[in-house]
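Chemist: My structure is stored as my_file.cif, with mmCIF, N, CA and C atoms.
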data_data
#
loop_
_atom_site.label_atom_id
_atom_site.label_comp_id
_atom_site.auth_asym_id
_atom_site.auth_seq_id
_atom_site.Cartn_x
_atom_site.Cartn_y
_atom_site.Cartn_z
N GLY A 997 0.79 -1.19 0.00
CA GLY A 997 0.00 0.00 0.00
C GLY A 997 0.84 1.27 0.00
N LEU A 998 2.15 1.13 -0.18
CA LEU A 998 3.01 2.32 -0.17
C LEU A 998 3.48 2.70 -1.56
N ASP A 999 2.84 2.17 -2.59
CA ASP A 999 3.31 2.40 -3.95
C ASP A 999 3.30 3.87 -4.36
N THR A 1000 2.48 4.69 -3.73
CA THR A 1000 2.47 6.12 -4.07
C THR A 1000 3.62 6.87 -3.40
N GLN A 1001 4.35 6.19 -2.51
CA GLN A 1001 5.45 6.82 -1.78
C GLN A 1001 6.81 6.27 -2.17
N VAL A 1002 6.88 5.55 -3.27
CA VAL A 1002 8.14 4.91 -3.69
C VAL A 1002 9.27 5.93 -3.76
N SER A 1003 9.05 7.04 -4.43
CA SER A 1003 10.11 8.04 -4.60
C SER A 1003 10.55 8.63 -3.26
N VAL A 1004 9.60 9.01 -2.45
CA VAL A 1004 9.92 9.64 -1.17
C VAL A 1004 10.69 8.67 -0.27
N ILE A 1005 10.24 7.45 -0.17
CA ILE A 1005 10.88 6.46 0.71
C ILE A 1005 12.29 6.15 0.22
N ASN A 1006 12.45 5.93 -1.08
CA ASN A 1006 13.77 5.58 -1.60
C ASN A 1006 14.75 6.74 -1.55
N GLN A 1007 14.29 7.94 -1.85
CA GLN A 1007 15.20 9.08 -1.78
C GLN A 1007 15.66 9.31 -0.34
N ARG A 1008 14.72 9.23 0.58
CA ARG A 1008 15.09 9.45 1.99
C ARG A 1008 16.03 8.37 2.49
N ALA A 1009 15.79 7.13 2.09
CA ALA A 1009 16.68 6.03 2.49
C ALA A 1009 18.10 6.28 1.99
N ALA A 1010 18.22 6.71 0.75
CA ALA A 1010 19.55 7.00 0.20
C ALA A 1010 20.19 8.20 0.90
N GLU A 1011 19.39 9.20 1.23
CA GLU A 1011 19.91 10.36 1.95
C GLU A 1011 20.45 9.96 3.32
N LEU A 1012 19.71 9.10 4.03
CA LEU A 1012 20.16 8.63 5.34
C LEU A 1012 21.45 7.81 5.22
N ALA A 1013 21.50 6.95 4.21
CA ALA A 1013 22.71 6.15 3.99
C ALA A 1013 23.89 7.05 3.65
N ARG A 1014 23.66 8.04 2.81
CA ARG A 1014 24.73 8.98 2.43
C ARG A 1014 25.23 9.73 3.65
N ALA A 1015 24.32 10.19 4.50
CA ALA A 1015 24.71 10.92 5.71
C ALA A 1015 25.53 10.03 6.64
N ALA A 1016 25.12 8.78 6.78
CA ALA A 1016 25.85 7.85 7.65
C ALA A 1016 27.20 7.47 7.06
N ALA A 1017 27.27 7.33 5.74
CA ALA A 1017 28.50 6.88 5.08
C ALA A 1017 29.53 7.98 4.95
N GLY A 1018 29.07 9.21 4.86
CA GLY A 1018 29.99 10.31 4.60
C GLY A 1018 30.40 10.32 3.14
N GLU A 1019 31.34 11.18 2.82
CA GLU A 1019 31.76 11.33 1.42
C GLU A 1019 32.85 10.36 1.00
N LYS A 1020 33.49 9.68 1.93
CA LYS A 1020 34.60 8.78 1.58
C LYS A 1020 34.17 7.34 1.35
N ARG A 1021 32.90 7.06 1.53
CA ARG A 1021 32.38 5.70 1.32
C ARG A 1021 31.30 5.72 0.25
N LEU A 1022 31.13 4.59 -0.40
CA LEU A 1022 30.12 4.48 -1.43
C LEU A 1022 28.78 4.03 -0.84
N VAL A 1023 27.72 4.50 -1.44
CA VAL A 1023 26.37 4.10 -1.06
C VAL A 1023 25.75 3.38 -2.26
N ALA A 1024 25.30 2.15 -2.02
CA ALA A 1024 24.61 1.38 -3.06
C ALA A 1024 23.11 1.53 -2.87
N GLY A 1025 22.44 1.96 -3.91
CA GLY A 1025 20.98 2.05 -3.89
C GLY A 1025 20.41 0.71 -4.31
N ALA A 1026 19.79 0.00 -3.39
CA ALA A 1026 19.34 -1.37 -3.64
C ALA A 1026 17.90 -1.43 -4.14
N ALA A 1027 17.70 -2.33 -5.10
CA ALA A 1027 16.36 -2.62 -5.62
C ALA A 1027 16.25 -4.12 -5.80
N GLY A 1028 15.13 -4.66 -5.40
CA GLY A 1028 14.90 -6.10 -5.55
C GLY A 1028 13.73 -6.36 -6.46
N PRO A 1029 13.38 -7.62 -6.60
CA PRO A 1029 12.26 -7.99 -7.47
C PRO A 1029 10.95 -7.36 -7.00
N LEU A 1030 10.04 -7.22 -7.94
CA LEU A 1030 8.74 -6.61 -7.64
C LEU A 1030 7.83 -7.53 -6.84
N GLY A 1031 8.08 -8.82 -6.88
CA GLY A 1031 7.23 -9.75 -6.15
C GLY A 1031 6.00 -10.17 -6.92
N VAL A 1032 5.99 -9.89 -8.22
CA VAL A 1032 4.88 -10.28 -9.09
C VAL A 1032 5.46 -10.88 -10.36
N ARG A 1033 4.67 -11.68 -11.04
CA ARG A 1033 5.10 -12.25 -12.31
C ARG A 1033 4.86 -11.24 -13.43
N LEU A 1034 5.79 -11.21 -14.38
CA LEU A 1034 5.65 -10.35 -15.54
C LEU A 1034 4.86 -11.08 -16.62
N GLU A 1035 4.29 -10.30 -17.54
CA GLU A 1035 3.55 -10.89 -18.65
C GLU A 1035 4.46 -11.83 -19.45
N PRO A 1036 4.04 -12.87 -19.99
CA PRO A 1036 2.67 -13.33 -20.12
C PRO A 1036 2.20 -14.19 -18.95
N TYR A 1037 3.04 -14.37 -17.93
CA TYR A 1037 2.68 -15.24 -16.80
C TYR A 1037 1.93 -14.51 -15.70
N GLY A 1038 1.99 -13.18 -15.72
CA GLY A 1038 1.32 -12.37 -14.72
C GLY A 1038 0.73 -11.13 -15.34
N ALA A 1039 0.15 -10.31 -14.51
CA ALA A 1039 -0.57 -9.13 -15.00
C ALA A 1039 0.32 -7.91 -15.21
N THR A 1040 1.54 -7.94 -14.70
CA THR A 1040 2.43 -6.79 -14.80
C THR A 1040 3.17 -6.81 -16.13
N GLY A 1041 3.02 -5.74 -16.89
CA GLY A 1041 3.69 -5.63 -18.19
C GLY A 1041 5.17 -5.34 -18.03
N ARG A 1042 5.94 -5.69 -19.04
CA ARG A 1042 7.39 -5.44 -19.01
C ARG A 1042 7.71 -3.95 -18.94
N ASP A 1043 6.99 -3.15 -19.73
CA ASP A 1043 7.21 -1.69 -19.69
C ASP A 1043 6.81 -1.11 -18.34
N GLU A 1044 5.75 -1.64 -17.76
CA GLU A 1044 5.31 -1.19 -16.43
C GLU A 1044 6.39 -1.51 -15.39
N ALA A 1045 6.95 -2.71 -15.45
CA ALA A 1045 8.02 -3.10 -14.52
C ALA A 1045 9.21 -2.17 -14.66
N ARG A 1046 9.61 -1.91 -15.89
CA ARG A 1046 10.75 -1.02 -16.14
C ARG A 1046 10.47 0.36 -15.56
N ALA A 1047 9.27 0.88 -15.72
CA ALA A 1047 8.92 2.19 -15.19
C ALA A 1047 8.96 2.21 -13.66
N ILE A 1048 8.51 1.14 -13.04
CA ILE A 1048 8.55 1.05 -11.57
C ILE A 1048 9.99 1.07 -11.09
N PHE A 1049 10.85 0.27 -11.73
CA PHE A 1049 12.26 0.27 -11.35
C PHE A 1049 12.91 1.63 -11.59
N ALA A 1050 12.58 2.27 -12.71
CA ALA A 1050 13.16 3.59 -13.02
C ALA A 1050 12.77 4.62 -11.96
N GLU A 1051 11.52 4.59 -11.52
CA GLU A 1051 11.07 5.53 -10.48
C GLU A 1051 11.89 5.32 -9.21
N GLN A 1052 12.05 4.06 -8.82
CA GLN A 1052 12.79 3.76 -7.61
C GLN A 1052 14.25 4.18 -7.73
N MET A 1053 14.87 3.86 -8.85
CA MET A 1053 16.30 4.16 -8.99
C MET A 1053 16.57 5.65 -9.18
N ALA A 1054 15.66 6.37 -9.80
CA ALA A 1054 15.82 7.83 -9.90
C ALA A 1054 15.82 8.45 -8.51
N ALA A 1055 14.97 7.96 -7.64
CA ALA A 1055 14.92 8.46 -6.27
C ALA A 1055 16.18 8.09 -5.49
N LEU A 1056 16.67 6.88 -5.68
CA LEU A 1056 17.91 6.47 -5.01
C LEU A 1056 19.08 7.35 -5.45
N LYS A 1057 19.15 7.62 -6.75
CA LYS A 1057 20.21 8.48 -7.27
C LYS A 1057 20.06 9.89 -6.70
N ALA A 1058 18.85 10.43 -6.70
CA ALA A 1058 18.61 11.77 -6.17
C ALA A 1058 19.00 11.87 -4.69
N GLY A 1059 18.88 10.76 -3.98
CA GLY A 1059 19.23 10.74 -2.57
C GLY A 1059 20.71 10.57 -2.30
N GLY A 1060 21.50 10.33 -3.34
CA GLY A 1060 22.95 10.26 -3.16
C GLY A 1060 23.58 8.91 -3.38
N ALA A 1061 22.86 7.94 -3.93
CA ALA A 1061 23.46 6.63 -4.19
C ALA A 1061 24.55 6.76 -5.26
N ASP A 1062 25.62 5.99 -5.10
CA ASP A 1062 26.74 6.00 -6.03
C ASP A 1062 26.65 4.90 -7.08
N CYS A 1063 25.88 3.87 -6.78
CA CYS A 1063 25.71 2.75 -7.71
C CYS A 1063 24.36 2.10 -7.40
N PHE A 1064 23.94 1.24 -8.32
CA PHE A 1064 22.71 0.49 -8.11
C PHE A 1064 23.05 -0.96 -7.80
N LEU A 1065 22.39 -1.52 -6.80
CA LEU A 1065 22.53 -2.91 -6.42
C LEU A 1065 21.19 -3.60 -6.68
N LEU A 1066 21.16 -4.43 -7.70
CA LEU A 1066 19.95 -5.19 -8.04
C LEU A 1066 20.14 -6.57 -7.44
N GLU A 1067 19.31 -6.90 -6.45
CA GLU A 1067 19.59 -8.10 -5.67
C GLU A 1067 18.40 -9.06 -5.59
N THR A 1068 18.75 -10.32 -5.41
CA THR A 1068 17.84 -11.44 -5.15
C THR A 1068 16.82 -11.69 -6.26
N PHE A 1069 17.18 -11.43 -7.50
CA PHE A 1069 16.29 -11.70 -8.62
C PHE A 1069 16.32 -13.18 -8.99
N ALA A 1070 15.18 -13.73 -9.33
CA ALA A 1070 15.07 -15.11 -9.82
C ALA A 1070 14.65 -15.13 -11.28
N ASP A 1071 13.91 -14.11 -11.69
CA ASP A 1071 13.40 -14.01 -13.06
C ASP A 1071 14.36 -13.12 -13.86
N LEU A 1072 15.05 -13.70 -14.83
CA LEU A 1072 16.03 -12.94 -15.60
C LEU A 1072 15.38 -11.88 -16.47
N GLU A 1073 14.14 -12.07 -16.90
CA GLU A 1073 13.41 -11.04 -17.64
C GLU A 1073 13.22 -9.80 -16.76
N GLU A 1074 12.86 -10.03 -15.52
CA GLU A 1074 12.66 -8.92 -14.59
C GLU A 1074 13.98 -8.23 -14.28
N LEU A 1075 15.04 -9.00 -14.10
CA LEU A 1075 16.36 -8.43 -13.86
C LEU A 1075 16.79 -7.57 -15.05
N GLU A 1076 16.51 -8.04 -16.26
CA GLU A 1076 16.84 -7.25 -17.45
C GLU A 1076 16.10 -5.92 -17.44
N LYS A 1077 14.84 -5.93 -17.05
CA LYS A 1077 14.06 -4.69 -17.00
C LYS A 1077 14.64 -3.74 -15.96
N ALA A 1078 15.11 -4.27 -14.85
CA ALA A 1078 15.74 -3.43 -13.82
C ALA A 1078 17.05 -2.83 -14.34
N ILE A 1079 17.84 -3.61 -15.06
CA ILE A 1079 19.09 -3.11 -15.62
C ILE A 1079 18.80 -2.01 -16.65
N LEU A 1080 17.83 -2.24 -17.52
CA LEU A 1080 17.47 -1.24 -18.51
C LEU A 1080 16.98 0.05 -17.85
N ALA A 1081 16.23 -0.08 -16.77
CA ALA A 1081 15.76 1.09 -16.03
C ALA A 1081 16.93 1.84 -15.42
N ALA A 1082 17.88 1.12 -14.86
CA ALA A 1082 19.06 1.76 -14.28
C ALA A 1082 19.83 2.54 -15.34
N ARG A 1083 19.97 1.96 -16.52
CA ARG A 1083 20.67 2.63 -17.63
C ARG A 1083 19.89 3.87 -18.09
N GLU A 1084 18.58 3.79 -18.02
CA GLU A 1084 17.73 4.92 -18.39
C GLU A 1084 17.93 6.08 -17.41
N VAL A 1085 18.04 5.76 -16.14
CA VAL A 1085 18.22 6.78 -15.10
C VAL A 1085 19.59 7.42 -15.20
N ASP A 1086 20.64 6.59 -15.36
CA ASP A 1086 22.01 7.10 -15.48
C ASP A 1086 22.86 6.04 -16.16
N ALA A 1087 23.13 6.25 -17.42
CA ALA A 1087 23.85 5.26 -18.22
C ALA A 1087 25.27 5.01 -17.72
N ALA A 1088 25.83 5.94 -16.96
CA ALA A 1088 27.21 5.79 -16.49
C ALA A 1088 27.31 5.24 -15.07
N MET A 1089 26.19 5.14 -14.37
CA MET A 1089 26.23 4.69 -12.97
C MET A 1089 26.50 3.19 -12.92
N PRO A 1090 27.46 2.76 -12.09
CA PRO A 1090 27.73 1.32 -11.98
C PRO A 1090 26.52 0.54 -11.47
N ILE A 1091 26.39 -0.69 -11.97
CA ILE A 1091 25.31 -1.59 -11.56
C ILE A 1091 25.92 -2.90 -11.08
N ILE A 1092 25.47 -3.36 -9.94
CA ILE A 1092 25.79 -4.71 -9.46
C ILE A 1092 24.49 -5.49 -9.56
N ALA A 1093 24.45 -6.48 -10.43
CA ALA A 1093 23.23 -7.26 -10.66
C ALA A 1093 23.42 -8.67 -10.14
N GLN A 1094 22.52 -9.11 -9.28
CA GLN A 1094 22.63 -10.42 -8.65
C GLN A 1094 21.36 -11.23 -8.85
N ALA A 1095 21.54 -12.52 -8.94
CA ALA A 1095 20.41 -13.45 -9.00
C ALA A 1095 20.56 -14.45 -7.87
N THR A 1096 19.45 -14.95 -7.40
CA THR A 1096 19.45 -15.93 -6.33
C THR A 1096 19.28 -17.33 -6.91
N VAL A 1097 20.17 -18.23 -6.51
CA VAL A 1097 20.08 -19.62 -6.94
C VAL A 1097 19.89 -20.50 -5.72
N GLY A 1098 19.26 -21.65 -5.94
CA GLY A 1098 19.02 -22.60 -4.86
C GLY A 1098 20.11 -23.65 -4.80
N PRO A 1099 19.90 -24.67 -3.98
CA PRO A 1099 20.89 -25.74 -3.82
C PRO A 1099 21.24 -26.46 -5.13
N GLY A 1100 20.32 -26.48 -6.08
CA GLY A 1100 20.57 -27.11 -7.37
C GLY A 1100 21.23 -26.18 -8.37
N LEU A 1101 21.69 -25.03 -7.89
CA LEU A 1101 22.33 -24.02 -8.72
C LEU A 1101 21.45 -23.53 -9.86
N ARG A 1102 20.17 -23.37 -9.56
CA ARG A 1102 19.19 -22.83 -10.51
C ARG A 1102 18.37 -21.77 -9.78
N THR A 1103 17.90 -20.77 -10.54
CA THR A 1103 16.96 -19.82 -9.95
C THR A 1103 15.61 -20.52 -9.80
N ALA A 1104 14.70 -19.87 -9.14
CA ALA A 1104 13.35 -20.43 -8.99
C ALA A 1104 12.66 -20.63 -10.34
N TYR A 1105 13.15 -19.95 -11.37
CA TYR A 1105 12.58 -20.08 -12.72
C TYR A 1105 13.44 -20.97 -13.62
N GLY A 1106 14.44 -21.62 -13.03
CA GLY A 1106 15.21 -22.62 -13.76
C GLY A 1106 16.46 -22.12 -14.46
N ALA A 1107 16.84 -20.87 -14.29
CA ALA A 1107 18.04 -20.35 -14.95
C ALA A 1107 19.31 -20.85 -14.26
N SER A 1108 20.27 -21.23 -15.06
CA SER A 1108 21.56 -21.71 -14.56
C SER A 1108 22.52 -20.54 -14.36
N PRO A 1109 23.64 -20.76 -13.68
CA PRO A 1109 24.64 -19.69 -13.57
C PRO A 1109 25.10 -19.17 -14.93
N GLU A 1110 25.20 -20.06 -15.90
CA GLU A 1110 25.58 -19.65 -17.26
C GLU A 1110 24.52 -18.73 -17.87
N ASP A 1111 23.23 -19.06 -17.64
CA ASP A 1111 22.15 -18.21 -18.12
C ASP A 1111 22.23 -16.83 -17.48
N ILE A 1112 22.50 -16.81 -16.19
CA ILE A 1112 22.58 -15.55 -15.44
C ILE A 1112 23.71 -14.68 -15.99
N ALA A 1113 24.85 -15.29 -16.18
CA ALA A 1113 26.02 -14.54 -16.69
C ALA A 1113 25.73 -14.04 -18.09
#
Hey, can you dump this file as structure tokens for me?

Modeler:
Amino acid sequence: GLDTQVSVINQRAAELARAAAGEKRLVAGAAGPLGVRLEPYGATGRDEARAIFAEQMAALKAGGADCFLLETFADLEELEKAILAAREVDAAMPIIAQATVGPGLRTAYGASPEDIA
């Protein structure tokens, strides 16, 4: 129920992290999966997902983040949309993109480490 406050919450979080870190340390603006399936398996469109990620990352950057940390993704399509959104916000900002794998070395959607790379 906080979707209307995405920008405010993320910008303030980055501002607090920046204040705590000071100028000599880096602040990573973190974004994780949306928690919904993307089309055609779910109701959330790919462009909609990208826009949601872009809103969040623009706020993180405005709050002082030095890089984007995309974490705990299982759906590589969704991770791609997050990466594209990050590039849209700032094409030069470093991105750390991570996927979560289980004991069988596969994501929840079956992607292997080779697929992830």

Chemist: Using only C-alpha atoms, which protein or nucleic acid residues come within 12 Å of Ala1088 of chain A? Drop anything in the same chain fewer than 6 positions from it, and give the result as a VMD selection string.

Modeler: chain A and resid 1057 1062 to 1064 1082

Chemist: Using the chain letters and numbers from the file, give me the residues hit by the PyMOL selection byres ((chain A and resi 1066) around 6.5), as a VMD selection string.

Modeler: chain A and resid 1025 to 1028 1064 to 1065 1067 to 1069 1091 to 1095

Chemist: With only C-alpha atoms as the basis for distance, which of A:Asp1111, A:Glu1074, A:Asp1086, A:Glu1019 is at the shortest distance from Gly1041 of chain A?

Modeler: A:Glu1074

Chemist: Residues near segment 1048-1050 of chain A, anyone? I mean within 6.5 Å using all atoms listed in the file, not counting same-chain ones fewer than 3 positions away, as number ranges by chain.

Modeler: A: 1043-1045, 1053-1055, 1078, 1081-1082, 1085

Chemist: Which of these residues is nearest to Ala1009 of chain A, using all atoms listed in the file: A:Pro1109, A:Gly1060, A:Gly1098, A:Pro1090?

Modeler: A:Gly1060

Chemist: Would you mind listing what lies within 6.5 Å of Ala1010 of chain A as a PyMOL selection string, with only N, CA and C atoms counted and same-chain residues fewer than 5 positions away left out?

Modeler: chain A and resi 1005+1015+1056+1059-1061

Chemist: If you keep N, CA and C atoms, can you produce a file of those selected residues as a PDB file, keeping the file's coordinate frame?

Modeler:
ATOM      1  N   ILE A1005      10.240   7.450  -0.170  1.00  0.00           N
ATOM      2  CA  ILE A1005      10.880   6.460   0.710  1.00  0.00           C
ATOM      3  C   ILE A1005      12.290   6.150   0.220  1.00  0.00           C
ATOM      4  N   ALA A1015      24.320  10.190   4.500  1.00  0.00           N
ATOM      5  CA  ALA A1015      24.710  10.920   5.710  1.00  0.00           C
ATOM      6  C   ALA A1015      25.530  10.030   6.640  1.00  0.00           C
ATOM      7  N   LEU A1056      16.670   6.880  -5.680  1.00  0.00           N
ATOM      8  CA  LEU A1056      17.910   6.470  -5.010  1.00  0.00           C
ATOM      9  C   LEU A1056      19.080   7.350  -5.450  1.00  0.00           C
ATOM     10  N   GLY A1059      18.880  10.760  -3.980  1.00  0.00           N
ATOM     11  CA  GLY A1059      19.230  10.740  -2.570  1.00  0.00           C
ATOM     12  C   GLY A1059      20.710  10.570  -2.300  1.00  0.00           C
ATOM     13  N   GLY A1060      21.500  10.330  -3.340  1.00  0.00           N
ATOM     14  CA  GLY A1060      22.950  10.260  -3.160  1.00  0.00           C
ATOM     15  C   GLY A1060      23.580   8.910  -3.380  1.00  0.00           C
ATOM     16  N   ALA A1061      22.860   7.940  -3.930  1.00  0.00           N
ATOM     17  CA  ALA A1061      23.460   6.630  -4.190  1.00  0.00           C
ATOM     18  C   ALA A1061      24.550   6.760  -5.260  1.00  0.00           C
TER      19      ALA A1061
END

Chemist: As a list in words, please: every residue in segment 1038-1076 of chain A that DSSP puts in alpha helix (DSSP H).

Modeler: Arg1042, Asp1043, Glu1044, Ala1045, Arg1046, Ala1047, Ile1048, Phe1049, Ala1050, Glu1051, Gln1052, Met1053, Ala1054, Ala1055, Leu1056, Lys1057, Ala1058, Leu1072, Glu1073, Glu1074, Leu1075 and Glu1076 of chain A

Chemist: Quick one: distance from atom C of Gln1007 of chain A to atom N of Leu1080 of chain A in Å, one decimal?

Modeler: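 Atom-to-atom, atom C of Gln1007 of chain A and atom N of Leu1080 of chain A are spaced 20.8 Å apart.
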
Chemist: Between A:Ala1058, A:Ala1070, A:Leu1030, A:Ala1087, which one has atoms that come closest to Asp999 of chain A, using only C-alpha atoms?

Modeler: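 Smallest distance to Asp999 of chain A is found for A:Leu1030.
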
Chemist: Just how far from atom CA of Gly1100 of chain A is atom N of Asp1071 of chain A, in Å to one decimal?

Modeler: 15.2 Å

Chemist: Could you please determine the separation between atom C of Leu1072 of chain A and atom CA of Glu1035 of chain A in Å, to one decimal place?

Modeler: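 Separation between atom C of Leu1072 of chain A and atom CA of Glu1035 of chain A: 12.1 Å.
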
Chemist: Missing atoms in segment 1019-1033 of chain A need filling: write out N, CA, C and O atoms for it as a PDB file, in the frame of the given file.

Modeler:
ATOM      1  N   GLU A1019      31.340  11.180   2.820  1.00  0.00           N
ATOM      2  CA  GLU A1019      31.760  11.330   1.420  1.00  0.00           C
ATOM      3  C   GLU A1019      32.850  10.360   1.000  1.00  0.00           C
ATOM      4  O   GLU A1019      33.114  10.209  -0.186  1.00  0.00           O
ATOM      5  N   LYS A1020      33.490   9.680   1.930  1.00  0.00           N
ATOM      6  CA  LYS A1020      34.600   8.780   1.580  1.00  0.00           C
ATOM      7  C   LYS A1020      34.170   7.340   1.350  1.00  0.00           C
ATOM      8  O   LYS A1020      34.994   6.500   1.036  1.00  0.00           O
ATOM      9  N   ARG A1021      32.900   7.060   1.530  1.00  0.00           N
ATOM     10  CA  ARG A1021      32.380   5.700   1.320  1.00  0.00           C
ATOM     11  C   ARG A1021      31.300   5.720   0.250  1.00  0.00           C
ATOM     12  O   ARG A1021      30.645   6.726   0.036  1.00  0.00           O
ATOM     13  N   LEU A1022      31.130   4.590  -0.400  1.00  0.00           N
ATOM     14  CA  LEU A1022      30.120   4.480  -1.430  1.00  0.00           C
ATOM     15  C   LEU A1022      28.780   4.030  -0.840  1.00  0.00           C
ATOM     16  O   LEU A1022      28.746   3.262   0.123  1.00  0.00           O
ATOM     17  N   VAL A1023      27.720   4.500  -1.440  1.00  0.00           N
ATOM     18  CA  VAL A1023      26.370   4.100  -1.060  1.00  0.00           C
ATOM     19  C   VAL A1023      25.750   3.380  -2.260  1.00  0.00           C
ATOM     20  O   VAL A1023      25.709   3.924  -3.363  1.00  0.00           O
ATOM     21  N   ALA A1024      25.300   2.150  -2.020  1.00  0.00           N
ATOM     22  CA  ALA A1024      24.610   1.380  -3.060  1.00  0.00           C
ATOM     23  C   ALA A1024      23.110   1.530  -2.870  1.00  0.00           C
ATOM     24  O   ALA A1024      22.589   1.261  -1.788  1.00  0.00           O
ATOM     25  N   GLY A1025      22.440   1.960  -3.910  1.00  0.00           N
ATOM     26  CA  GLY A1025      20.980   2.050  -3.890  1.00  0.00           C
ATOM     27  C   GLY A1025      20.410   0.710  -4.310  1.00  0.00           C
ATOM     28  O   GLY A1025      20.558   0.303  -5.463  1.00  0.00           O
ATOM     29  N   ALA A1026      19.790   0.000  -3.390  1.00  0.00           N
ATOM     30  CA  ALA A1026      19.340  -1.370  -3.640  1.00  0.00           C
ATOM     31  C   ALA A1026      17.900  -1.430  -4.140  1.00  0.00           C
ATOM     32  O   ALA A1026      17.033  -0.691  -3.681  1.00  0.00           O
ATOM     33  N   ALA A1027      17.700  -2.330  -5.100  1.00  0.00           N
ATOM     34  CA  ALA A1027      16.360  -2.620  -5.620  1.00  0.00           C
ATOM     35  C   ALA A1027      16.250  -4.120  -5.800  1.00  0.00           C
ATOM     36  O   ALA A1027      17.190  -4.766  -6.266  1.00  0.00           O
ATOM     37  N   GLY A1028      15.130  -4.660  -5.400  1.00  0.00           N
ATOM     38  CA  GLY A1028      14.900  -6.100  -5.550  1.00  0.00           C
ATOM     39  C   GLY A1028      13.730  -6.360  -6.460  1.00  0.00           C
ATOM     40  O   GLY A1028      13.132  -5.443  -7.023  1.00  0.00           O
ATOM     41  N   PRO A1029      13.380  -7.620  -6.600  1.00  0.00           N
ATOM     42  CA  PRO A1029      12.260  -7.990  -7.470  1.00  0.00           C
ATOM     43  C   PRO A1029      10.950  -7.360  -7.000  1.00  0.00           C
ATOM     44  O   PRO A1029      10.775  -7.047  -5.826  1.00  0.00           O
ATOM     45  N   LEU A1030      10.040  -7.220  -7.940  1.00  0.00           N
ATOM     46  CA  LEU A1030       8.740  -6.610  -7.640  1.00  0.00           C
ATOM     47  C   LEU A1030       7.830  -7.530  -6.840  1.00  0.00           C
ATOM     48  O   LEU A1030       6.875  -7.071  -6.231  1.00  0.00           O
ATOM     49  N   GLY A1031       8.080  -8.820  -6.880  1.00  0.00           N
ATOM     50  CA  GLY A1031       7.230  -9.750  -6.150  1.00  0.00           C
ATOM     51  C   GLY A1031       6.000 -10.170  -6.920  1.00  0.00           C
ATOM     52  O   GLY A1031       5.062 -10.728  -6.346  1.00  0.00           O
ATOM     53  N   VAL A1032       5.990  -9.890  -8.220  1.00  0.00           N
ATOM     54  CA  VAL A1032       4.880 -10.280  -9.090  1.00  0.00           C
ATOM     55  C   VAL A1032       5.460 -10.880 -10.360  1.00  0.00           C
ATOM     56  O   VAL A1032       6.600 -10.621 -10.717  1.00  0.00           O
ATOM     57  N   ARG A1033       4.670 -11.680 -11.040  1.00  0.00           N
ATOM     58  CA  ARG A1033       5.100 -12.250 -12.310  1.00  0.00           C
ATOM     59  C   ARG A1033       4.860 -11.240 -13.430  1.00  0.00           C
ATOM     60  O   ARG A1033       3.868 -10.546 -13.439  1.00  0.00           O
TER      61      ARG A1033
END
